[in-house]
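Trainee: I have a structure here, written as structure tokens, and I will follow up with some questions on it.
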Amino acid sequence: MNNKLKIKGKIAVYLIFPTILAALMFAGGIITAINSRILGIIIMALGAIYIITALIMYFINKPVFATEFMKFAVNYAQVQKELLRDLAIPYGLIDITGNILWDNYELQMILNNSGKSRNLFHEIEGIPNDSVVLFEGEEKTAKIFLNERNYRLQFKRVNTRSIFENSPVIDIPEGKDYIVAVYFFDETEITALIKENNDEKLISGLVYIDNYEEVLQTVEAVRGSMLAALIERRINKFISNIDGIVKKIEKDKYFIAFKHKYLEGLQADKFSILDEVKAVNVGNEMNVTISIGLGTGSDSYTQNTNYARTAIDMALGRGGDQAVLKDGEKIYYYGGKSKQVEKNTRVKARVKAHALREVLMAKDKVIIMGHQIQDIDALGAGIGIYRASKAMGKKVHIVLNEITTSLRPMVERFLEDDEYDDDLFIKNPQAMEIVDSTTVVIVVDVNRPSYTECPELLKACKSVVVLDHHRQTSEGIDNAELSYIEPYASSTCEMVAEILQYIQDGIKVRSVEADAMYGGIMIDTNNFANKAGVRTFEAAAFLRRCGADVTRVRKMFRNDADEFRARAVALSHVQIVYEHYAIAECPSEGLESPTIVCAQAANELLNINSVDASFVLTAYNDKIYVSARSIDNINVQLIMERMGGGGHMNVAGAQLEDMHMSDAKELVKSTLKEMLDNKEI
């Protein structure tokens, strides 16, 4: 067997080329000999000598060249190895379990260990050590903090199967046919610069005093000036402590701006300025509350200011006394523990009524829609808007997919009355067929698109109006042409009753319509025991003048025996947790409207001594419905928001999907514990 090294390729051609040239010379000598024999012999002789010399040189130099090339390759590989060893970037090779197969000097210095049998996952915390996750692609990165430095680790697969494919020694199993090259890129300076740049970004904000006029009315004129000065001083001091600027734009409104680096401290402190302002007292009968709206997340100062406006609108729409941070598409809430203050003035109601009139006048058809599984407040508010629209000569429909037991007596009164069209109540498919460019959709008693009777209707119609008394959440109806959301109101029926008094002169509300609206107020206030303010009774008085009959309404909303028994079962199995919170399960079997019974049970649980908030759960339509109620200063809306729901401070709810009843109860308990531990309620 010939074990000598052989030369091939372009080098071999280069070495054999003189021999080829000599052969050509010899052939030329033969041709020349035809004309000149002597000259041809001389050329052939020289060619023969050149051929012999070239062949001798070829066979002598061929092995020498091969050896030198091999030496060069070995030396070149050694140079590459040394270059990798001395590479300024920490670099190494690991297997799929994290064992370090090879590392250069820089990586050894970082790890402070050059011994064998080391594992990268064990030596450095923060690296995902699941090989499936780590090496699912060709490349992957990870961020770590090591030795007071920030590193970006880049992992790259190196396929070993192709290298050892024909190896008689190694057989690499499927799935482990690679090693991983890992690079450590030091990004400490870059990270510091990014943080510094982020810290210096501007945060725009607006601060509104929620109840400025109402508080001043409770103190003397002299003390009123002192109160205003103290509030302004607190706000100025708060902003100066974070190196910000504040500009008073109205008597009860301020514009603020500060650096982003102070935001984390404000969040950790849960915006203590909210409580500091409430502590201001110069003899005023009610506490002063403020709302804060902050905007960040954009490189544009204008956009951040627009975010701040959106945030302050959400803070006010949720009842005030809270801070709302809009960070790009994300929204964070802070505070909101106190009870919202009822506005004594009806100026806003009059302005919104006139705006609604302008919208209605520009359209031919009106579709009114409430929330899924409608209650009497949604129906009554819809009937009130129906009367306003009819007074302007519009064609009106109300979307009602499911008639619950609580609604049936009232709905039947409208269906049996010849005064009302047969298509007054329609379902989703009919609504989608009716809607066009001449239609306005009016949403009542809900401001979350996913909770409406027909969410697709909001996308199909360009003109949308929202009337609601629930606090706003991050999920809102974005394309609303007019939005009137007042969380201080007891019910949407109260708001609509006020609108009817201003939207057009001479509107005559029929007694059956007044009954529906009065029933909405009565149910939502639990017979005027909850959230009933001055304007609530004024709205009720207006409806009484329109023909509402208290006795007739009360008889319509009586429960049947099965519902009464189900409520009794829920009350008899109540569990008191954390001393002041009642949790119960309401059976739904055999009930047509278990969610209504669930809400009634939650109201009754508040009659138990020492219970500050109640939570009643019922399973219905493959969901678990949670009704939450509170009697005083517990904000159940914050609790329900944490569980994906919403509502009022004292009346709220949530819908839980893909969850067992026992898990739902545990979720309520864990949410309560977390919020109590963090002093959020």
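Just remember, in the structure tokens the first chain shown is A, the second B, etc., residues are 1-based per chain, and ligands are 1-based in the order shown.
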List as a tab-separated table every residue of region 510-617 of chain A that is in contact with region 374-386 of chain A, defined as an atom at most 9 Å from one of its atoms (using only C-alpha atoms), together with the nearest atom pair and the distance in Å rounded to one decimal, sorted by chain and then rising number.
Mentor:
```
residue	atom	partner	partner_atom	distance
A:Glu513	CA	A:Ile383	CA	6.2
A:Ala514	CA	A:Gly384	CA	8.1
A:Asp515	CA	A:Gly380	CA	8.1
A:Ala516	CA	A:Gly380	CA	4.6
A:Met517	CA	A:Gly380	CA	4.2
A:Tyr518	CA	A:Gly380	CA	7.6
A:Gly519	CA	A:Ile376	CA	6.5
A:Gly520	CA	A:Asp377	CA	3.7
A:Ile521	CA	A:Asp377	CA	6.7
A:Met522	CA	A:Asp377	CA	8.8
A:Ile523	CA	A:Asp377	CA	7.5
A:Asp524	CA	A:Asp377	CA	7.0
A:Ile596	CA	A:Asp375	CA	8.0
```
Trainee: Near Lys390 (chain A), within 12 Å and counting only C-alpha atoms, which residues show up once chain neighbours fewer than 5 positions away are dropped, as a VMD selection string?
Mentor: chain A and resid 357 360 to 361 364 to 367 383 to 385 395 to 397 419 to 421 424 500 504 507 to 509
Trainee: Can I get the selected residues back with N, CA and C atoms, as a PDB file, in the first residue's frame?
Mentor:
```pdb
ATOM      1  N   ARG A 357     -78.568  64.451  20.800  1.00  0.00           N
ATOM      2  CA  ARG A 357     -79.610  64.910  19.881  1.00  0.00           C
ATOM      3  C   ARG A 357     -79.032  65.190  18.498  1.00  0.00           C
ATOM      4  N   LEU A 360     -78.445  61.838  16.778  1.00  0.00           N
ATOM      5  CA  LEU A 360     -79.692  61.202  16.350  1.00  0.00           C
ATOM      6  C   LEU A 360     -80.301  61.907  15.150  1.00  0.00           C
ATOM      7  N   MET A 361     -80.200  63.222  15.113  1.00  0.00           N
ATOM      8  CA  MET A 361     -80.788  63.980  14.016  1.00  0.00           C
ATOM      9  C   MET A 361     -80.120  63.665  12.683  1.00  0.00           C
ATOM     10  N   ASP A 364     -80.999  57.936  10.349  1.00  0.00           N
ATOM     11  CA  ASP A 364     -82.376  57.504  10.073  1.00  0.00           C
ATOM     12  C   ASP A 364     -82.817  56.356  10.968  1.00  0.00           C
ATOM     13  N   LYS A 365     -81.865  55.487  11.328  1.00  0.00           N
ATOM     14  CA  LYS A 365     -82.196  54.306  12.132  1.00  0.00           C
ATOM     15  C   LYS A 365     -81.342  54.268  13.396  1.00  0.00           C
ATOM     16  N   VAL A 366     -81.929  53.738  14.453  1.00  0.00           N
ATOM     17  CA  VAL A 366     -81.239  53.628  15.742  1.00  0.00           C
ATOM     18  C   VAL A 366     -81.320  52.181  16.217  1.00  0.00           C
ATOM     19  N   ILE A 367     -80.161  51.612  16.556  1.00  0.00           N
ATOM     20  CA  ILE A 367     -80.103  50.273  17.151  1.00  0.00           C
ATOM     21  C   ILE A 367     -79.530  50.419  18.559  1.00  0.00           C
ATOM     22  N   ILE A 383     -85.055  51.489  26.642  1.00  0.00           N
ATOM     23  CA  ILE A 383     -86.412  51.994  26.421  1.00  0.00           C
ATOM     24  C   ILE A 383     -86.424  53.518  26.490  1.00  0.00           C
ATOM     25  N   GLY A 384     -85.635  54.092  27.404  1.00  0.00           N
ATOM     26  CA  GLY A 384     -85.561  55.552  27.507  1.00  0.00           C
ATOM     27  C   GLY A 384     -84.993  56.171  26.239  1.00  0.00           C
ATOM     28  N   ILE A 385     -83.925  55.565  25.699  1.00  0.00           N
ATOM     29  CA  ILE A 385     -83.344  56.063  24.441  1.00  0.00           C
ATOM     30  C   ILE A 385     -84.324  55.836  23.286  1.00  0.00           C
ATOM     31  N   LYS A 395     -86.564  55.287  13.238  1.00  0.00           N
ATOM     32  CA  LYS A 395     -86.886  53.868  13.361  1.00  0.00           C
ATOM     33  C   LYS A 395     -85.940  53.259  14.388  1.00  0.00           C
ATOM     34  N   VAL A 396     -86.482  52.585  15.413  1.00  0.00           N
ATOM     35  CA  VAL A 396     -85.665  52.137  16.544  1.00  0.00           C
ATOM     36  C   VAL A 396     -85.814  50.631  16.747  1.00  0.00           C
ATOM     37  N   HIS A 397     -84.683  49.978  17.032  1.00  0.00           N
ATOM     38  CA  HIS A 397     -84.665  48.552  17.386  1.00  0.00           C
ATOM     39  C   HIS A 397     -83.810  48.373  18.636  1.00  0.00           C
ATOM     40  N   GLU A 419     -98.887  49.817  20.685  1.00  0.00           N
ATOM     41  CA  GLU A 419     -98.159  51.069  20.451  1.00  0.00           C
ATOM     42  C   GLU A 419     -96.753  50.809  19.909  1.00  0.00           C
ATOM     43  N   TYR A 420     -96.236  49.605  20.176  1.00  0.00           N
ATOM     44  CA  TYR A 420     -94.850  49.300  19.827  1.00  0.00           C
ATOM     45  C   TYR A 420     -94.800  48.341  18.644  1.00  0.00           C
ATOM     46  N   ASP A 421     -93.825  48.549  17.766  1.00  0.00           N
ATOM     47  CA  ASP A 421     -93.668  47.727  16.563  1.00  0.00           C
ATOM     48  C   ASP A 421     -93.289  46.299  16.930  1.00  0.00           C
ATOM     49  N   LEU A 424     -89.526  45.720  17.465  1.00  0.00           N
ATOM     50  CA  LEU A 424     -88.832  46.535  18.468  1.00  0.00           C
ATOM     51  C   LEU A 424     -87.640  45.769  19.027  1.00  0.00           C
ATOM     52  N   LEU A 500     -83.445  62.615  29.075  1.00  0.00           N
ATOM     53  CA  LEU A 500     -84.791  62.832  28.533  1.00  0.00           C
ATOM     54  C   LEU A 500     -85.331  64.216  28.889  1.00  0.00           C
ATOM     55  N   GLN A 504     -85.010  67.077  24.307  1.00  0.00           N
ATOM     56  CA  GLN A 504     -86.014  67.726  23.460  1.00  0.00           C
ATOM     57  C   GLN A 504     -87.223  68.085  24.313  1.00  0.00           C
ATOM     58  N   ILE A 507     -91.212  65.812  25.319  1.00  0.00           N
ATOM     59  CA  ILE A 507     -91.188  64.350  25.241  1.00  0.00           C
ATOM     60  C   ILE A 507     -92.128  63.775  26.300  1.00  0.00           C
ATOM     61  N   LYS A 508     -93.016  62.917  25.859  1.00  0.00           N
ATOM     62  CA  LYS A 508     -93.961  62.288  26.782  1.00  0.00           C
ATOM     63  C   LYS A 508     -93.565  60.827  26.974  1.00  0.00           C
ATOM     64  N   VAL A 509     -93.134  60.511  28.167  1.00  0.00           N
ATOM     65  CA  VAL A 509     -92.736  59.147  28.515  1.00  0.00           C
ATOM     66  C   VAL A 509     -93.967  58.394  28.983  1.00  0.00           C
TER      67      VAL A 509
END
```
Trainee: Contacts of region 662-673 of chain A at 9 Å or less, counting only C-alpha atoms, minus same-chain residues fewer than 3 places along, as a PyMOL selection string?
Mentor: chain A and resi 577-578+581+583-585+615+617+624+626+639-640+642-643+656+659+676-678+681
Trainee: Keeping N, CA and C atoms for every residue in the selection just given, could you write it to a file as a short mmCIF file (atom, residue, chain, number, x, y, z; two decimals), in the first residue's frame?
Mentor:
```
data_model
loop_
_atom_site.label_atom_id
_atom_site.label_comp_id
_atom_site.auth_asym_id
_atom_site.auth_seq_id
_atom_site.Cartn_x
_atom_site.Cartn_y
_atom_site.Cartn_z
N VAL A 577 -64.13 34.53 54.99
CA VAL A 577 -62.67 34.46 54.90
C VAL A 577 -62.08 35.82 55.26
N TYR A 578 -60.91 35.79 55.85
CA TYR A 578 -60.18 37.00 56.24
C TYR A 578 -61.09 37.95 57.04
N TYR A 581 -64.96 38.98 54.62
CA TYR A 581 -65.32 38.71 53.23
C TYR A 581 -66.11 37.40 53.14
N ILE A 583 -67.91 34.42 50.92
CA ILE A 583 -67.87 33.72 49.63
C ILE A 583 -68.89 32.60 49.66
N ALA A 584 -69.71 32.52 48.60
CA ALA A 584 -70.76 31.49 48.55
C ALA A 584 -70.94 31.03 47.11
N GLU A 585 -71.52 29.84 46.98
CA GLU A 585 -71.83 29.28 45.67
C GLU A 585 -73.34 29.17 45.52
N PHE A 615 -69.00 37.73 47.74
CA PHE A 615 -68.70 37.18 46.42
C PHE A 615 -69.51 35.90 46.26
N LEU A 617 -70.74 32.93 43.52
CA LEU A 617 -70.37 32.34 42.24
C LEU A 617 -71.46 31.37 41.79
N ILE A 624 -68.29 30.54 34.73
CA ILE A 624 -68.58 30.79 36.14
C ILE A 624 -68.71 32.30 36.32
N VAL A 626 -69.25 35.59 38.63
CA VAL A 626 -68.97 36.06 39.98
C VAL A 626 -69.67 37.40 40.18
N ILE A 639 -61.02 44.42 42.74
CA ILE A 639 -60.85 42.97 42.92
C ILE A 639 -61.30 42.23 41.67
N MET A 640 -62.44 42.63 41.13
CA MET A 640 -62.96 41.97 39.92
C MET A 640 -62.09 42.28 38.70
N ARG A 642 -58.92 42.56 38.72
CA ARG A 642 -57.79 41.65 38.83
C ARG A 642 -58.15 40.25 38.30
N MET A 643 -59.44 39.93 38.31
CA MET A 643 -59.89 38.63 37.82
C MET A 643 -60.46 38.73 36.40
N LEU A 656 -65.57 33.86 34.44
CA LEU A 656 -64.40 32.99 34.38
C LEU A 656 -64.68 31.82 33.45
N MET A 659 -62.81 26.88 33.89
CA MET A 659 -62.39 26.79 35.30
C MET A 659 -63.46 26.04 36.09
N LEU A 676 -54.91 42.21 49.87
CA LEU A 676 -54.84 42.61 51.29
C LEU A 676 -53.40 42.73 51.75
N ASP A 677 -52.56 41.78 51.33
CA ASP A 677 -51.14 41.83 51.70
C ASP A 677 -50.46 43.07 51.14
N ASN A 678 -50.85 43.46 49.93
CA ASN A 678 -50.25 44.65 49.30
C ASN A 678 -50.98 45.94 49.65
N ILE A 681 -56.59 47.05 48.96
CA ILE A 681 -58.00 47.21 49.31
C ILE A 681 -58.09 47.39 50.82
#
```
Trainee: I'd like the contact shell of Ser610 (chain A) - 9 Å cut-off, only C-alpha atoms, skipping same-chain residues fewer than 3 positions apart - returned as a PyMOL selection string.
Mentor: chain A and resi 579-581+606-607
Trainee: Using only N, CA and C atoms, please write the residues we just selected to a file, as an mmCIF file, in the first residue's frame.
Mentor:
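Result file follows (out_31.cif):
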```cif
data_model
loop_
_atom_site.group_PDB
_atom_site.id
_atom_site.type_symbol
_atom_site.label_atom_id
_atom_site.label_comp_id
_atom_site.auth_asym_id
_atom_site.auth_seq_id
_atom_site.Cartn_x
_atom_site.Cartn_y
_atom_site.Cartn_z
ATOM 1 N N GLU A 579 -61.987 37.373 57.834
ATOM 2 C CA GLU A 579 -62.833 38.043 58.816
ATOM 3 C C GLU A 579 -63.971 38.878 58.228
ATOM 4 N N HIS A 580 -63.770 39.491 57.062
ATOM 5 C CA HIS A 580 -64.777 40.442 56.578
ATOM 6 C C HIS A 580 -65.271 40.169 55.150
ATOM 7 N N TYR A 581 -64.964 38.982 54.620
ATOM 8 C CA TYR A 581 -65.321 38.706 53.229
ATOM 9 C C TYR A 581 -66.107 37.400 53.143
ATOM 10 N N LEU A 606 -74.573 40.977 52.418
ATOM 11 C CA LEU A 606 -74.084 42.199 53.066
ATOM 12 C C LEU A 606 -74.849 42.512 54.349
ATOM 13 N N ASN A 607 -75.967 41.827 54.561
ATOM 14 C CA ASN A 607 -76.726 42.039 55.800
ATOM 15 C C ASN A 607 -76.105 41.311 56.982
#
```
Trainee: Taking 6 positions as the minimum chain separation for residues in the same chain, which residues sit within 6 Å of region 466-477 of chain A when counting only C-alpha atoms? Answer as a ChimeraX atom specification.
Mentor: /A:317-318,442-449,483-487,489,491-492,647-648
Trainee: Would you pick out the contacts of Glu276 (chain A) at 10 Å or less, using only C-alpha atoms, so that residues sharing its chain but fewer than 2 positions from it are not included, and give the list as a list in words?
Mentor: Ile231, Arg234, Ile235, Phe238, Phe271, Ser272, Ile273, Leu274, Lys278, Ala279, Val280, Val288 and Thr289 of chain A
